[in-house]
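Everything below concerns the one structure shown next.
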Amino acid sequence: MSNLSIKELPFMERPYEKLEAFGPGFLSDAELLAIIIKSGSRHEKSTDLAVRLINAHPSGLLGLHHLSLDQLKKVHGIGRVKSIQLKALAELAKRLSKAHYTTDLNASSPGSVANYYMEDMRHLEREHLKIVLLDTKHQLIGDYILSIGTVNSSLIHPREVLIHALKRDAVTFIMLHNHPSGNPNPSPEDIAVTKRIKEAGDIVGVRLLDHIIIGDGRYVSLKEQGYLTS
């Protein structure tokens, strides 16, 4: 038996037709995903395959960010092409979310900065420390990943942070890192790293505005918590 395609489904089970008739908000996650994967496996509808795919990771639909190409291909009915399409979809979703906040990015607002980087960092499975460089008007100059792994004061030297800022003539900067656990509450090491880098930045005249910790849809600003007061 050949794969059961969307066109072979009963009319009201066809995601394409439902979207045209009622709009994308009317479709379930599985139906939207079925439009991307187009056809199911042998003896299985595309929507049923989509349900299995969503259930393939404890995070459900967010699992598309966490499952690798090889892991996706292990889902029966998902081959090379479908796995590539799904990873492209996950990346596009991140970029669309980031683009939404680009025009309203306000470096003075921890919430604005956290929203801008949230989709980039909330799904990472290891800690990534990023610095965001700003000019005299608090406009974004650029951002850089400084380390991957535990944010530890013995491993992160202020020199490594400030050299990027000085090379790009930044006046201020923001630090961000993620907590893969999803809980953004700062650890003692997070606080120690922040204070150490703030002191070094003050000496060379490049001010640390904030250190924002990204969790799963949540963030904590160490500036808001009072750790960056002079």
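In the structure tokens, chains take the letters A, B, ... in the order shown, each chain's residues start at 1, and ligands count up from 1 in the order shown.
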Need to verify the contact set: Gly201 (chain A), 9 Å, only C-alpha atoms, exclusion of same-chain residues closer than 5 positions in sequence. Can you return it as a ChimeraX atom specification? /A:158,161-162,172,196,206-208
Using DSSP assignments from the backbone, pull out every residue in region 61-219 of chain A that falls under helix (DSSP H, G or I) and give it to me as a PyMOL selection string. chain A and resi 61-66+69-73+80-102+110-121+158-167+188-204
If we count only C-alpha atoms, what is near Gly182 (chain A) at a cut-off of 6 Å, once residues fewer than 2 positions away on the same chain are taken out, given as a list in words?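 That gives His179, Pro180, Gly215 and Asp216 of chain A.
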Expected file contents, prior selection, N, CA and C atoms, as a short mmCIF file (atom, residue, chain, number, x, y, z; two decimals), in the first residue's frame:
data_model
loop_
_atom_site.label_atom_id
_atom_site.label_comp_id
_atom_site.auth_asym_id
_atom_site.auth_seq_id
_atom_site.Cartn_x
_atom_site.Cartn_y
_atom_site.Cartn_z
N HIS A 179 19.57 28.96 31.14
CA HIS A 179 19.55 27.82 32.05
C HIS A 179 18.75 26.70 31.37
N PRO A 180 19.40 25.65 30.92
CA PRO A 180 18.69 24.56 30.23
C PRO A 180 17.58 23.92 31.08
N GLY A 215 15.27 31.50 30.87
CA GLY A 215 14.73 30.17 31.16
C GLY A 215 13.77 29.76 30.06
N ASP A 216 12.86 28.89 30.38
CA ASP A 216 11.89 28.43 29.38
C ASP A 216 10.69 29.37 29.37
#
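Each of A:Gly111, A:Gly205, A:Gly25, A:Gly217 was compared to Pro184 (chain A) using only C-alpha atoms, and A:Gly217 turns out to be the nearest.
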Can you pull out every residue from region 10-140 of chain A that DSSP, working from the backbone, puts in strand (DSSP E or B), and format the result as a PyMOL selection string? chain A and resi 39+128-134+140
Go ahead and write the selection's residues with N, CA and C atoms as a PDB file, in the first residue's frame.
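Below is the file selection_35.pdb, written as the result:
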ATOM      1  N   SER A  39       2.767  13.719   3.719  1.00  0.00           N
ATOM      2  CA  SER A  39       2.246  12.354   3.603  1.00  0.00           C
ATOM      3  C   SER A  39       2.629  11.538   4.822  1.00  0.00           C
ATOM      4  N   HIS A 128      24.867  28.756  27.294  1.00  0.00           N
ATOM      5  CA  HIS A 128      25.597  29.622  26.367  1.00  0.00           C
ATOM      6  C   HIS A 128      25.653  31.015  26.976  1.00  0.00           C
ATOM      7  N   LEU A 129      26.848  31.559  27.063  1.00  0.00           N
ATOM      8  CA  LEU A 129      27.009  32.930  27.543  1.00  0.00           C
ATOM      9  C   LEU A 129      27.204  33.847  26.343  1.00  0.00           C
ATOM     10  N   LYS A 130      26.372  34.855  26.249  1.00  0.00           N
ATOM     11  CA  LYS A 130      26.399  35.785  25.119  1.00  0.00           C
ATOM     12  C   LYS A 130      26.583  37.204  25.650  1.00  0.00           C
ATOM     13  N   ILE A 131      27.344  38.027  24.905  1.00  0.00           N
ATOM     14  CA  ILE A 131      27.406  39.445  25.242  1.00  0.00           C
ATOM     15  C   ILE A 131      26.786  40.239  24.092  1.00  0.00           C
ATOM     16  N   VAL A 132      26.082  41.292  24.469  1.00  0.00           N
ATOM     17  CA  VAL A 132      25.418  42.183  23.520  1.00  0.00           C
ATOM     18  C   VAL A 132      26.083  43.545  23.650  1.00  0.00           C
ATOM     19  N   LEU A 133      26.661  44.034  22.561  1.00  0.00           N
ATOM     20  CA  LEU A 133      27.407  45.287  22.581  1.00  0.00           C
ATOM     21  C   LEU A 133      26.533  46.437  22.086  1.00  0.00           C
ATOM     22  N   LEU A 134      26.657  47.590  22.770  1.00  0.00           N
ATOM     23  CA  LEU A 134      25.810  48.739  22.480  1.00  0.00           C
ATOM     24  C   LEU A 134      26.656  50.004  22.315  1.00  0.00           C
ATOM     25  N   LEU A 140      22.137  48.496  19.129  1.00  0.00           N
ATOM     26  CA  LEU A 140      22.858  47.224  19.036  1.00  0.00           C
ATOM     27  C   LEU A 140      24.000  47.311  18.030  1.00  0.00           C
TER      28      LEU A 140
END
Find the residue from A:Val171, A:Val113, A:Ala50, A:Leu89 that sits nearest to Lys137 (chain A); use only C-alpha atoms when measuring.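 With only C-alpha atoms as the atom set, the closest residue is A:Val171.
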Contacts of Lys195 (chain A) at 10 Å (only C-alpha atoms; same-chain gap of 2+ positions) as a PyMOL selection string: chain A and resi 153+189-193+197-201+208+211+227-229
Could those selected residues go to a file with N, CA and C atoms, as a PDB file, in the first residue's frame?
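So again.pdb came out as:
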ATOM      1  N   SER A 153      32.872  31.527  37.203  1.00  0.00           N
ATOM      2  CA  SER A 153      33.779  32.664  37.285  1.00  0.00           C
ATOM      3  C   SER A 153      35.235  32.267  37.074  1.00  0.00           C
ATOM      4  N   GLU A 189      27.185  31.381  41.484  1.00  0.00           N
ATOM      5  CA  GLU A 189      28.205  31.604  40.457  1.00  0.00           C
ATOM      6  C   GLU A 189      27.761  32.671  39.460  1.00  0.00           C
ATOM      7  N   ASP A 190      26.486  32.662  39.090  1.00  0.00           N
ATOM      8  CA  ASP A 190      25.977  33.684  38.174  1.00  0.00           C
ATOM      9  C   ASP A 190      26.191  35.078  38.759  1.00  0.00           C
ATOM     10  N   ILE A 191      25.917  35.214  40.027  1.00  0.00           N
ATOM     11  CA  ILE A 191      26.056  36.506  40.695  1.00  0.00           C
ATOM     12  C   ILE A 191      27.531  36.906  40.786  1.00  0.00           C
ATOM     13  N   ALA A 192      28.394  35.920  41.097  1.00  0.00           N
ATOM     14  CA  ALA A 192      29.824  36.195  41.216  1.00  0.00           C
ATOM     15  C   ALA A 192      30.414  36.637  39.884  1.00  0.00           C
ATOM     16  N   VAL A 193      30.038  35.942  38.800  1.00  0.00           N
ATOM     17  CA  VAL A 193      30.519  36.309  37.471  1.00  0.00           C
ATOM     18  C   VAL A 193      30.085  37.726  37.123  1.00  0.00           C
ATOM     19  N   ILE A 197      32.727  40.877  36.408  1.00  0.00           N
ATOM     20  CA  ILE A 197      32.815  41.513  35.094  1.00  0.00           C
ATOM     21  C   ILE A 197      32.367  42.965  35.165  1.00  0.00           C
ATOM     22  N   LYS A 198      31.402  43.274  36.011  1.00  0.00           N
ATOM     23  CA  LYS A 198      30.981  44.666  36.186  1.00  0.00           C
ATOM     24  C   LYS A 198      32.139  45.514  36.701  1.00  0.00           C
ATOM     25  N   GLU A 199      32.864  45.012  37.701  1.00  0.00           N
ATOM     26  CA  GLU A 199      33.989  45.756  38.265  1.00  0.00           C
ATOM     27  C   GLU A 199      35.069  45.996  37.222  1.00  0.00           C
ATOM     28  N   ALA A 200      35.364  44.974  36.412  1.00  0.00           N
ATOM     29  CA  ALA A 200      36.377  45.120  35.369  1.00  0.00           C
ATOM     30  C   ALA A 200      35.925  46.116  34.307  1.00  0.00           C
ATOM     31  N   GLY A 201      34.651  46.062  33.931  1.00  0.00           N
ATOM     32  CA  GLY A 201      34.128  46.989  32.949  1.00  0.00           C
ATOM     33  C   GLY A 201      34.169  48.420  33.429  1.00  0.00           C
ATOM     34  N   LEU A 208      28.662  47.518  32.248  1.00  0.00           N
ATOM     35  CA  LEU A 208      27.725  46.392  32.153  1.00  0.00           C
ATOM     36  C   LEU A 208      26.341  46.876  32.560  1.00  0.00           C
ATOM     37  N   HIS A 211      22.728  41.646  33.345  1.00  0.00           N
ATOM     38  CA  HIS A 211      22.979  40.234  33.073  1.00  0.00           C
ATOM     39  C   HIS A 211      21.624  39.551  33.150  1.00  0.00           C
ATOM     40  N   TYR A 227      21.612  43.590  41.681  1.00  0.00           N
ATOM     41  CA  TYR A 227      23.010  43.159  41.756  1.00  0.00           C
ATOM     42  C   TYR A 227      23.971  44.071  40.993  1.00  0.00           C
ATOM     43  N   LEU A 228      23.440  45.029  40.243  1.00  0.00           N
ATOM     44  CA  LEU A 228      24.311  45.894  39.444  1.00  0.00           C
ATOM     45  C   LEU A 228      24.309  47.335  39.929  1.00  0.00           C
ATOM     46  N   THR A 229      23.811  47.571  41.109  1.00  0.00           N
ATOM     47  CA  THR A 229      23.846  48.927  41.652  1.00  0.00           C
ATOM     48  C   THR A 229      25.274  49.285  42.024  1.00  0.00           C
TER      49      THR A 229
END
When you draw a straight line from CA of Lys94 (chain A) to CA of Leu61 (chain A), how long is it in Å? 13.3 Å
Which residues come within 12 Å of region 57-60 of chain A, counting only C-alpha atoms, excluding same-chain residues fewer than 5 positions away, as a ChimeraX atom specification? /A:29-30,50-52,65-68,71-72,75,123,182,216
Take the residues from that selection and put them in a file with N, CA and C atoms, as a CSV table (one decimal), in the first residue's frame.
chain,number,residue,atom,x,y,z
A,29,ASP,N,-2.2,21.6,16.3
A,29,ASP,CA,-0.8,21.5,16.0
A,29,ASP,C,-0.5,20.4,15.0
A,30,ALA,N,-1.1,19.2,15.2
A,30,ALA,CA,-0.9,18.1,14.4
A,30,ALA,C,-1.3,18.3,12.9
A,50,ALA,N,1.9,13.0,12.3
A,50,ALA,CA,2.2,14.3,13.0
A,50,ALA,C,2.0,14.2,14.5
A,51,VAL,N,0.9,13.5,14.9
A,51,VAL,CA,0.7,13.3,16.4
A,51,VAL,C,1.8,12.5,17.0
A,52,ARG,N,2.2,11.4,16.3
A,52,ARG,CA,3.3,10.6,16.8
A,52,ARG,C,4.6,11.5,16.9
A,65,HIS,N,12.7,21.6,18.3
A,65,HIS,CA,13.9,22.3,18.6
A,65,HIS,C,15.0,21.4,19.2
A,66,HIS,N,14.6,20.4,19.9
A,66,HIS,CA,15.5,19.6,20.6
A,66,HIS,C,16.0,18.3,19.9
A,67,LEU,N,15.1,17.8,19.0
A,67,LEU,CA,15.4,16.6,18.3
A,67,LEU,C,16.4,16.9,17.2
A,68,SER,N,17.4,16.1,17.1
A,68,SER,CA,18.4,16.3,16.0
A,68,SER,C,17.9,15.6,14.7
A,71,GLN,N,17.7,11.9,15.2
A,71,GLN,CA,16.6,11.5,16.1
A,71,GLN,C,15.3,11.6,15.3
A,72,LEU,N,15.1,12.6,14.5
A,72,LEU,CA,13.8,12.8,13.8
A,72,LEU,C,13.7,11.6,12.8
A,75,VAL,N,12.0,8.4,13.9
A,75,VAL,CA,10.6,8.4,13.9
A,75,VAL,C,10.0,7.7,12.7
A,123,HIS,N,15.8,27.1,24.1
A,123,HIS,CA,15.8,25.7,23.7
A,123,HIS,C,17.2,25.0,23.7
A,182,GLY,N,15.3,25.4,32.5
A,182,GLY,CA,14.1,26.2,32.3
A,182,GLY,C,13.9,27.2,33.5
A,216,ASP,N,12.9,28.9,30.4
A,216,ASP,CA,11.9,28.4,29.4
A,216,ASP,C,10.7,29.4,29.4
